[in-house]
Amino acid sequence: MKKETYAYPSTMARLRAEYKIFLLAFVFIVIADSIGQIQVPLGPGTLILFPIFYSLIMGVLSGPEVLKIFKKKEVKAASKLVIVAICPFIAKLGINAGASLEVILSAGPALVLQEIGNLGTILLALPFALLLGLKREAIGATHSINRESNLALITDMFGPDSPETRGSLSIYVVGGMVGTIYFGFMTTMVAALHIFHPYALGMASGVGAGILMASATASLALIYPDMASELSALASTSETISGITGIYVAIFIGIPLTKKLYQLLEPPIARLRREPSEVLESRKRESAAAEDHTKSREER
């Protein structure tokens with residue numbers, strides 16, 4: 001099968017080939033923005049639906065598995081545009097953080113150290129991913145909570161067409177659909193308990209992807225309107241610093257730990273699911289290749 005490279009001689013050539021993606025993306029944005037936020041009171045908390053949620057739903061429905069507006073080739077081409085599209089958003093986070101340095105410095109080392117807490121999720125998420133049938137996709141899906149910088153890192157390390165990148169991108173997209181609702185609702189529930197300082201909740205809002213941060217900070221702004229700017233600054237800074245420190249935590253700890261656990265857990269879980277093990281098959285191929293290399297050297 002011929003591998004798609006999505007290389008074009010010029011920007012205009014790309015627009016002619018992928019105009020449908022850009023056109024419908026703009027239409028989805030206009031529709032979602034016209035709907036706006038929908039707030040649903042639920043107990044002591046508030047369930048908030050954001051425009052990003054409607055956009056993702058419309059995108060899923062327009063795919064080749066439902067309405068078939070987009071073909072699989074266009075879906076693959078669109079997935080490569082995600083990193084490009086979120087770059088302005090990442091720059092905006094840095095600008096917000098720089099505008100509130102005094103509040104940020106008063107938060108102390110908590111902003112820097114919070115990324116380490118994300119590593120514990122690997123021990124729980126990876127076995128569940130394997131039990132659900134994921135293979136190498138589990139490495140990209142569970143090495144972190146897959147914010148924008150992590151998605152870029154996995155794409156750079158494993159390639160845009162790799163199973164690891166598919167796993168990372170899937171969690172990023174699902175986080176946008178389910179995570180926005182969950183983060184907004186969870187934030188209002190925790191704030192209603194009056195256990196944590198609003199600044200702590202603001203910092204905690206920045207541990208996920210940008211759309212999750214936006215959901216949480218919007219909920220906090222409704223609860224603490226007088227502190228909305230400070231909470232937004234703390235959340236943006238938390239998001240930015242977590243992205244910076246998260247890159248190194250993922251490179252030196254998260255991804256190696258996930259790959260090691262995958263090598264250990266995939267064979268027994270594959271036997272439990274009564275399916276072939278990718279790890280054992282890979283070891284067999286490597287062993288056969290090593291034997292062939294040894295034989296060829298002896299013959300020479």
# chains A, B, ... in the order shown; residues from 1 in each chain; ligands from 1
call {"tool": "closest_atom_pairs", "arguments": {"of": "stretch 145-206 of chain A", "to": "stretch 222-243 of chain A", "cutoff": "6 Å", "atoms": "only C-alpha atoms", "output": "Markdown table"}}
result
| residue | atom | partner | partner_atom | distance |
| --- | --- | --- | --- | --- |
| A:Ser149 | CA | A:Gly243 | CA | 5.8 |
| A:Gly202 | CA | A:Leu231 | CA | 4.8 |
| A:Met203 | CA | A:Ala235 | CA | 5.0 |
| A:Ser205 | CA | A:Ala235 | CA | 5.5 |
| A:Gly206 | CA | A:Glu239 | CA | 4.2 |
call {"tool": "residues_around", "arguments": {"residues": "A:Ser170", "least_positions_apart": "4", "cutoff": "8 Å", "atoms": "only C-alpha atoms", "output": "PDB file with C-alpha atoms, in the first residue's frame"}}
result
ATOM      1  CA  ALA A 141      -1.971   7.100  25.344  1.00  0.00           C
ATOM      2  CA  ARG A 166      -2.488   7.451  17.295  1.00  0.00           C
ATOM      3  CA  VAL A 174     -11.309  12.228  23.840  1.00  0.00           C
TER       4      VAL A 174
END
call {"tool": "select_by_dssp", "arguments": {"residues": "stretch 160-219 of chain A", "states": "alpha helix (DSSP H)", "output": "ChimeraX atom specification"}}
result
/A:163-174,180-192,198-204,210-219
call {"tool": "closest_atom_pairs", "arguments": {"of": "stretch 128-237 of chain A", "to": "stretch 263-283 of chain A", "cutoff": "12 Å", "atoms": "only C-alpha atoms", "output": "CSV"}}
result
residue,atom,partner,partner_atom,distance
A:Phe128,CA,A:Ile269,CA,9.9
A:Ala129,CA,A:Glu266,CA,10.1
A:Leu130,CA,A:Glu266,CA,6.7
A:Leu131,CA,A:Ile269,CA,6.5
A:Leu132,CA,A:Arg273,CA,9.2
A:Gly133,CA,A:Arg273,CA,8.1
A:Leu134,CA,A:Glu266,CA,9.5
A:Lys135,CA,A:Glu278,CA,7.4
A:Arg136,CA,A:Glu278,CA,8.5
A:Glu137,CA,A:Glu278,CA,11.8
A:Ala138,CA,A:Glu266,CA,10.0
A:Ile139,CA,A:Gln263,CA,10.4
call {"tool": "write_last_selection", "arguments": {"atoms": "N, CA and C atoms", "output": "mmCIF file, in the first residue's frame"}}
result
data_model
loop_
_atom_site.group_PDB
_atom_site.id
_atom_site.type_symbol
_atom_site.label_atom_id
_atom_site.label_comp_id
_atom_site.auth_asym_id
_atom_site.auth_seq_id
_atom_site.Cartn_x
_atom_site.Cartn_y
_atom_site.Cartn_z
ATOM 1 N N PHE A 128 -4.985 -1.071 32.087
ATOM 2 C CA PHE A 128 -6.358 -0.967 31.582
ATOM 3 C C PHE A 128 -6.367 -0.834 30.067
ATOM 4 N N ALA A 129 -5.442 -0.047 29.529
ATOM 5 C CA ALA A 129 -5.365 0.114 28.073
ATOM 6 C C ALA A 129 -5.087 -1.223 27.396
ATOM 7 N N LEU A 130 -4.178 -2.018 27.964
ATOM 8 C CA LEU A 130 -3.870 -3.333 27.388
ATOM 9 C C LEU A 130 -5.053 -4.283 27.518
ATOM 10 N N LEU A 131 -5.757 -4.225 28.633
ATOM 11 C CA LEU A 131 -6.935 -5.074 28.813
ATOM 12 C C LEU A 131 -8.037 -4.718 27.821
ATOM 13 N N LEU A 132 -8.085 -3.452 27.411
ATOM 14 C CA LEU A 132 -9.084 -3.015 26.432
ATOM 15 C C LEU A 132 -8.696 -3.361 25.002
ATOM 16 N N GLY A 133 -7.471 -3.884 24.806
ATOM 17 C CA GLY A 133 -7.068 -4.315 23.476
ATOM 18 C C GLY A 133 -6.069 -3.435 22.779
ATOM 19 N N LEU A 134 -5.627 -2.328 23.405
ATOM 20 C CA LEU A 134 -4.611 -1.491 22.792
ATOM 21 C C LEU A 134 -3.267 -2.203 22.832
ATOM 22 N N LYS A 135 -2.443 -1.912 21.846
ATOM 23 C CA LYS A 135 -1.096 -2.471 21.812
ATOM 24 C C LYS A 135 -0.098 -1.326 22.021
ATOM 25 N N ARG A 136 0.693 -1.025 20.991
ATOM 26 C CA ARG A 136 1.660 0.064 21.141
ATOM 27 C C ARG A 136 0.969 1.419 21.297
ATOM 28 N N GLU A 137 -0.296 1.498 20.919
ATOM 29 C CA GLU A 137 -1.044 2.733 21.143
ATOM 30 C C GLU A 137 -1.075 3.112 22.622
ATOM 31 N N ALA A 138 -0.997 2.081 23.495
ATOM 32 C CA ALA A 138 -1.053 2.334 24.932
ATOM 33 C C ALA A 138 0.136 3.162 25.413
ATOM 34 N N ILE A 139 1.283 3.041 24.743
ATOM 35 C CA ILE A 139 2.465 3.805 25.142
ATOM 36 C C ILE A 139 2.205 5.302 24.980
#
call {"tool": "closest_residue", "arguments": {"among": "A:Ala25, A:Ile122, A:Phe50, A:Gly254", "to": "A:Leu153", "atoms": "only C-alpha atoms"}}
result
A:Gly254
call {"tool": "residues_around", "arguments": {"residues": "A:Val60", "least_positions_apart": "6", "cutoff": "12 Å", "atoms": "only C-alpha atoms", "output": "short mmCIF file (atom, residue, chain, number, x, y, z; two decimals) with N, CA, C and O atoms, in the first residue's frame"}}
result
data_model
loop_
_atom_site.label_atom_id
_atom_site.label_comp_id
_atom_site.auth_asym_id
_atom_site.auth_seq_id
_atom_site.Cartn_x
_atom_site.Cartn_y
_atom_site.Cartn_z
N ALA A 25 -14.11 23.14 9.01
CA ALA A 25 -13.62 23.51 10.33
C ALA A 25 -14.11 24.91 10.70
O ALA A 25 -14.54 25.16 11.83
N PHE A 28 -17.84 24.70 11.50
CA PHE A 28 -18.06 24.11 12.83
C PHE A 28 -17.76 25.13 13.93
O PHE A 28 -18.47 25.19 14.94
N PHE A 53 -16.59 21.46 22.71
CA PHE A 53 -17.29 20.17 22.77
C PHE A 53 -18.19 19.99 21.55
O PHE A 53 -18.19 18.93 20.92
N TYR A 54 -18.93 21.03 21.18
CA TYR A 54 -19.81 20.92 20.00
C TYR A 54 -18.99 20.73 18.73
O TYR A 54 -19.37 19.97 17.83
N VAL A 66 -19.49 7.78 10.04
CA VAL A 66 -20.86 8.22 10.32
C VAL A 66 -21.47 8.85 9.06
O VAL A 66 -22.07 8.15 8.24
N LEU A 67 -21.30 10.15 8.89
CA LEU A 67 -21.92 10.83 7.75
C LEU A 67 -21.10 10.76 6.48
O LEU A 67 -21.58 11.14 5.41
N LYS A 68 -19.82 10.35 6.61
CA LYS A 68 -18.95 10.16 5.44
C LYS A 68 -18.71 11.45 4.64
O LYS A 68 -18.52 11.41 3.42
N ILE A 69 -18.75 12.60 5.33
CA ILE A 69 -18.41 13.86 4.65
C ILE A 69 -16.92 13.88 4.32
O ILE A 69 -16.50 14.35 3.26
N PHE A 70 -16.12 13.38 5.26
CA PHE A 70 -14.68 13.28 5.05
C PHE A 70 -14.30 11.83 4.75
O PHE A 70 -14.89 10.90 5.30
N VAL A 75 -9.08 12.56 6.81
CA VAL A 75 -8.94 12.45 8.26
C VAL A 75 -7.48 12.39 8.66
O VAL A 75 -7.03 13.05 9.61
N SER A 170 -5.59 10.14 20.18
CA SER A 170 -6.92 9.69 20.61
C SER A 170 -7.26 10.22 21.99
O SER A 170 -8.38 10.70 22.22
N VAL A 173 -8.01 13.94 21.83
CA VAL A 173 -9.33 14.25 21.29
C VAL A 173 -10.42 13.86 22.29
O VAL A 173 -11.35 14.63 22.54
N VAL A 174 -10.31 12.67 22.86
CA VAL A 174 -11.31 12.23 23.84
C VAL A 174 -11.31 13.16 25.05
O VAL A 174 -12.36 13.47 25.61
N GLY A 176 -10.78 16.27 24.93
CA GLY A 176 -11.53 17.46 24.54
C GLY A 176 -13.03 17.25 24.60
O GLY A 176 -13.78 18.17 24.92
N MET A 177 -13.46 16.03 24.33
CA MET A 177 -14.90 15.75 24.34
C MET A 177 -15.42 15.48 25.75
O MET A 177 -16.37 16.09 26.21
#
call {"tool": "atom_distance", "arguments": {"atom1": "atom CA of A:Val84", "atom2": "atom CA of A:Lys259"}}
result
27.2 Å
call {"tool": "closest_residue", "arguments": {"among": "A:Ala78, A:Leu47, A:Ala152, A:Ser55", "to": "A:Tyr182", "atoms": "only C-alpha atoms"}}
result
A:Leu47
call {"tool": "select_by_dssp", "arguments": {"residues": "stretch 29-278 of chain A", "states": "strand (DSSP E or B)", "output": "ChimeraX atom specification"}}
result
/A:38-42,45-49
call {"tool": "write_last_selection", "arguments": {"atoms": "all heavy atoms", "output": "PDB file, in the first residue's frame"}}
result
ATOM      1  N   ILE A  38     -23.267  26.292  27.698  1.00  0.00           N
ATOM      2  CA  ILE A  38     -24.518  25.826  28.295  1.00  0.00           C
ATOM      3  C   ILE A  38     -24.209  25.348  29.703  1.00  0.00           C
ATOM      4  O   ILE A  38     -23.390  24.448  29.895  1.00  0.00           O
ATOM      5  CB  ILE A  38     -25.154  24.689  27.469  1.00  0.00           C
ATOM      6  CG1 ILE A  38     -25.525  25.188  26.067  1.00  0.00           C
ATOM      7  CG2 ILE A  38     -26.390  24.139  28.179  1.00  0.00           C
ATOM      8  CD1 ILE A  38     -26.112  24.117  25.168  1.00  0.00           C
ATOM      9  N   GLN A  39     -24.832  25.956  30.703  1.00  0.00           N
ATOM     10  CA  GLN A  39     -24.604  25.604  32.100  1.00  0.00           C
ATOM     11  C   GLN A  39     -25.803  24.839  32.637  1.00  0.00           C
ATOM     12  O   GLN A  39     -26.941  25.293  32.522  1.00  0.00           O
ATOM     13  CB  GLN A  39     -24.354  26.861  32.936  1.00  0.00           C
ATOM     14  CG  GLN A  39     -23.162  27.674  32.466  1.00  0.00           C
ATOM     15  CD  GLN A  39     -22.936  28.902  33.327  1.00  0.00           C
ATOM     16  OE1 GLN A  39     -23.418  28.983  34.451  1.00  0.00           O
ATOM     17  NE2 GLN A  39     -22.196  29.870  32.799  1.00  0.00           N
ATOM     18  N   VAL A  40     -25.521  23.698  33.234  1.00  0.00           N
ATOM     19  CA  VAL A  40     -26.570  22.849  33.796  1.00  0.00           C
ATOM     20  C   VAL A  40     -26.275  22.642  35.277  1.00  0.00           C
ATOM     21  O   VAL A  40     -25.329  21.927  35.625  1.00  0.00           O
ATOM     22  CB  VAL A  40     -26.632  21.479  33.072  1.00  0.00           C
ATOM     23  CG1 VAL A  40     -27.762  20.637  33.646  1.00  0.00           C
ATOM     24  CG2 VAL A  40     -26.786  21.660  31.574  1.00  0.00           C
ATOM     25  N   PRO A  41     -27.039  23.252  36.192  1.00  0.00           N
ATOM     26  CA  PRO A  41     -26.817  23.022  37.626  1.00  0.00           C
ATOM     27  C   PRO A  41     -27.052  21.548  37.966  1.00  0.00           C
ATOM     28  O   PRO A  41     -28.033  20.944  37.556  1.00  0.00           O
ATOM     29  CB  PRO A  41     -27.862  23.918  38.295  1.00  0.00           C
ATOM     30  CG  PRO A  41     -28.222  24.931  37.264  1.00  0.00           C
ATOM     31  CD  PRO A  41     -28.106  24.236  35.944  1.00  0.00           C
ATOM     32  N   LEU A  42     -26.110  20.986  38.716  1.00  0.00           N
ATOM     33  CA  LEU A  42     -26.193  19.574  39.077  1.00  0.00           C
ATOM     34  C   LEU A  42     -25.679  19.418  40.501  1.00  0.00           C
ATOM     35  O   LEU A  42     -24.469  19.338  40.723  1.00  0.00           O
ATOM     36  CB  LEU A  42     -25.373  18.728  38.100  1.00  0.00           C
ATOM     37  CG  LEU A  42     -25.637  17.217  38.077  1.00  0.00           C
ATOM     38  CD1 LEU A  42     -27.069  16.927  37.681  1.00  0.00           C
ATOM     39  CD2 LEU A  42     -24.675  16.517  37.128  1.00  0.00           C
ATOM     40  N   GLY A  45     -22.572  21.334  42.195  1.00  0.00           N
ATOM     41  CA  GLY A  45     -21.712  21.701  41.087  1.00  0.00           C
ATOM     42  C   GLY A  45     -22.511  22.181  39.886  1.00  0.00           C
ATOM     43  O   GLY A  45     -23.748  22.247  39.902  1.00  0.00           O
ATOM     44  N   THR A  46     -21.786  22.506  38.837  1.00  0.00           N
ATOM     45  CA  THR A  46     -22.388  22.982  37.593  1.00  0.00           C
ATOM     46  C   THR A  46     -21.740  22.268  36.422  1.00  0.00           C
ATOM     47  O   THR A  46     -20.510  22.244  36.307  1.00  0.00           O
ATOM     48  CB  THR A  46     -22.198  24.499  37.426  1.00  0.00           C
ATOM     49  OG1 THR A  46     -22.755  25.175  38.556  1.00  0.00           O
ATOM     50  CG2 THR A  46     -22.889  24.990  36.159  1.00  0.00           C
ATOM     51  N   LEU A  47     -22.567  21.694  35.571  1.00  0.00           N
ATOM     52  CA  LEU A  47     -22.084  21.027  34.367  1.00  0.00           C
ATOM     53  C   LEU A  47     -22.045  22.055  33.241  1.00  0.00           C
ATOM     54  O   LEU A  47     -23.070  22.651  32.904  1.00  0.00           O
ATOM     55  CB  LEU A  47     -23.008  19.862  34.002  1.00  0.00           C
ATOM     56  CG  LEU A  47     -22.524  18.892  32.927  1.00  0.00           C
ATOM     57  CD1 LEU A  47     -21.306  18.136  33.413  1.00  0.00           C
ATOM     58  CD2 LEU A  47     -23.634  17.917  32.575  1.00  0.00           C
ATOM     59  N   ILE A  48     -20.867  22.290  32.678  1.00  0.00           N
ATOM     60  CA  ILE A  48     -20.701  23.326  31.662  1.00  0.00           C
ATOM     61  C   ILE A  48     -20.284  22.686  30.350  1.00  0.00           C
ATOM     62  O   ILE A  48     -19.301  21.941  30.296  1.00  0.00           O
ATOM     63  CB  ILE A  48     -19.648  24.369  32.095  1.00  0.00           C
ATOM     64  CG1 ILE A  48     -20.018  24.980  33.451  1.00  0.00           C
ATOM     65  CG2 ILE A  48     -19.527  25.470  31.051  1.00  0.00           C
ATOM     66  CD1 ILE A  48     -18.998  25.964  33.974  1.00  0.00           C
ATOM     67  N   LEU A  49     -21.038  22.981  29.299  1.00  0.00           N
ATOM     68  CA  LEU A  49     -20.700  22.525  27.955  1.00  0.00           C
ATOM     69  C   LEU A  49     -20.116  23.711  27.184  1.00  0.00           C
ATOM     70  O   LEU A  49     -20.741  24.763  27.090  1.00  0.00           O
ATOM     71  CB  LEU A  49     -21.935  21.984  27.236  1.00  0.00           C
ATOM     72  CG  LEU A  49     -22.646  20.807  27.901  1.00  0.00           C
ATOM     73  CD1 LEU A  49     -23.868  20.392  27.091  1.00  0.00           C
ATOM     74  CD2 LEU A  49     -21.703  19.627  28.059  1.00  0.00           C
TER      75      LEU A  49
END
call {"tool": "atom_distance", "arguments": {"atom1": "atom CA of A:Ile154", "atom2": "atom CA of A:Leu169"}}
result
9.2 Å
call {"tool": "closest_residue", "arguments": {"among": "A:Ile211, A:Leu119, A:Met186, A:Ala191", "to": "A:Pro51", "atoms": "only C-alpha atoms"}}
result
A:Ile211
call {"tool": "decode", "arguments": {"residues": "stretch 195-266 of chain A", "atoms": "C-alpha atoms", "output": "PDB file, in the first residue's frame"}}
result
ATOM      1  CA  ILE A 195     -11.221  22.712  51.361  1.00  0.00           C
ATOM      2  CA  PHE A 196      -8.671  24.239  48.981  1.00  0.00           C
ATOM      3  CA  HIS A 197      -7.663  27.839  48.426  1.00  0.00           C
ATOM      4  CA  PRO A 198      -8.858  29.249  45.081  1.00  0.00           C
ATOM      5  CA  TYR A 199      -5.202  29.697  44.032  1.00  0.00           C
ATOM      6  CA  ALA A 200      -4.629  25.966  44.541  1.00  0.00           C
ATOM      7  CA  LEU A 201      -7.628  25.220  42.341  1.00  0.00           C
ATOM      8  CA  GLY A 202      -6.276  27.612  39.720  1.00  0.00           C
ATOM      9  CA  MET A 203      -2.930  25.828  39.662  1.00  0.00           C
ATOM     10  CA  ALA A 204      -4.666  22.444  39.544  1.00  0.00           C
ATOM     11  CA  SER A 205      -6.596  23.569  36.467  1.00  0.00           C
ATOM     12  CA  GLY A 206      -3.378  23.657  34.452  1.00  0.00           C
ATOM     13  CA  VAL A 207      -2.437  19.990  34.607  1.00  0.00           C
ATOM     14  CA  GLY A 208      -4.439  18.926  31.550  1.00  0.00           C
ATOM     15  CA  ALA A 209      -4.683  20.002  27.927  1.00  0.00           C
ATOM     16  CA  GLY A 210      -5.516  23.607  27.163  1.00  0.00           C
ATOM     17  CA  ILE A 211      -9.189  22.933  26.552  1.00  0.00           C
ATOM     18  CA  LEU A 212      -9.419  21.201  29.943  1.00  0.00           C
ATOM     19  CA  MET A 213      -7.751  24.190  31.576  1.00  0.00           C
ATOM     20  CA  ALA A 214     -10.223  26.510  29.855  1.00  0.00           C
ATOM     21  CA  SER A 215     -13.133  24.440  31.149  1.00  0.00           C
ATOM     22  CA  ALA A 216     -11.855  24.434  34.722  1.00  0.00           C
ATOM     23  CA  THR A 217     -10.915  28.127  34.826  1.00  0.00           C
ATOM     24  CA  ALA A 218     -14.264  29.146  33.339  1.00  0.00           C
ATOM     25  CA  SER A 219     -15.981  27.265  36.155  1.00  0.00           C
ATOM     26  CA  LEU A 220     -13.731  28.907  38.752  1.00  0.00           C
ATOM     27  CA  ALA A 221     -14.417  32.347  37.264  1.00  0.00           C
ATOM     28  CA  LEU A 222     -18.126  31.802  37.868  1.00  0.00           C
ATOM     29  CA  ILE A 223     -17.500  30.830  41.491  1.00  0.00           C
ATOM     30  CA  TYR A 224     -14.822  33.466  42.264  1.00  0.00           C
ATOM     31  CA  PRO A 225     -15.546  36.363  39.879  1.00  0.00           C
ATOM     32  CA  ASP A 226     -13.377  38.806  41.875  1.00  0.00           C
ATOM     33  CA  MET A 227     -10.328  36.542  41.449  1.00  0.00           C
ATOM     34  CA  ALA A 228     -10.926  35.549  37.822  1.00  0.00           C
ATOM     35  CA  SER A 229      -7.804  37.248  36.426  1.00  0.00           C
ATOM     36  CA  GLU A 230      -5.480  35.791  39.104  1.00  0.00           C
ATOM     37  CA  LEU A 231      -6.918  32.299  38.683  1.00  0.00           C
ATOM     38  CA  SER A 232      -6.558  32.514  34.909  1.00  0.00           C
ATOM     39  CA  ALA A 233      -2.928  33.614  35.281  1.00  0.00           C
ATOM     40  CA  LEU A 234      -2.124  30.772  37.671  1.00  0.00           C
ATOM     41  CA  ALA A 235      -3.836  28.232  35.427  1.00  0.00           C
ATOM     42  CA  SER A 236      -2.013  29.512  32.335  1.00  0.00           C
ATOM     43  CA  THR A 237       1.309  29.462  34.138  1.00  0.00           C
ATOM     44  CA  SER A 238       0.652  26.008  35.511  1.00  0.00           C
ATOM     45  CA  GLU A 239      -0.167  24.847  32.011  1.00  0.00           C
ATOM     46  CA  THR A 240       2.970  26.433  30.563  1.00  0.00           C
ATOM     47  CA  ILE A 241       5.354  25.194  33.268  1.00  0.00           C
ATOM     48  CA  SER A 242       3.790  21.744  33.235  1.00  0.00           C
ATOM     49  CA  GLY A 243       4.318  21.684  29.483  1.00  0.00           C
ATOM     50  CA  ILE A 244       7.988  22.634  29.887  1.00  0.00           C
ATOM     51  CA  THR A 245       8.794  20.326  32.808  1.00  0.00           C
ATOM     52  CA  GLY A 246       6.454  17.688  31.412  1.00  0.00           C
ATOM     53  CA  ILE A 247       8.591  17.329  28.301  1.00  0.00           C
ATOM     54  CA  TYR A 248      11.631  16.312  30.367  1.00  0.00           C
ATOM     55  CA  VAL A 249       9.606  14.166  32.758  1.00  0.00           C
ATOM     56  CA  ALA A 250       8.089  12.368  29.757  1.00  0.00           C
ATOM     57  CA  ILE A 251      11.423  11.947  27.947  1.00  0.00           C
ATOM     58  CA  PHE A 252      13.465  10.679  30.894  1.00  0.00           C
ATOM     59  CA  ILE A 253      10.810   8.959  33.047  1.00  0.00           C
ATOM     60  CA  GLY A 254       7.341   8.709  31.541  1.00  0.00           C
ATOM     61  CA  ILE A 255       8.045   7.179  28.130  1.00  0.00           C
ATOM     62  CA  PRO A 256      10.828   4.795  29.305  1.00  0.00           C
ATOM     63  CA  LEU A 257       8.615   3.637  32.185  1.00  0.00           C
ATOM     64  CA  THR A 258       5.650   3.125  29.859  1.00  0.00           C
ATOM     65  CA  LYS A 259       7.741   1.191  27.323  1.00  0.00           C
ATOM     66  CA  LYS A 260       9.212  -1.019  30.064  1.00  0.00           C
ATOM     67  CA  LEU A 261       5.792  -1.781  31.552  1.00  0.00           C
ATOM     68  CA  TYR A 262       4.482  -2.503  28.060  1.00  0.00           C
ATOM     69  CA  GLN A 263       7.246  -5.078  27.518  1.00  0.00           C
ATOM     70  CA  LEU A 264       6.425  -6.735  30.855  1.00  0.00           C
ATOM     71  CA  LEU A 265       2.622  -6.627  30.807  1.00  0.00           C
ATOM     72  CA  GLU A 266       1.692  -7.067  27.144  1.00  0.00           C
TER      73      GLU A 266
END
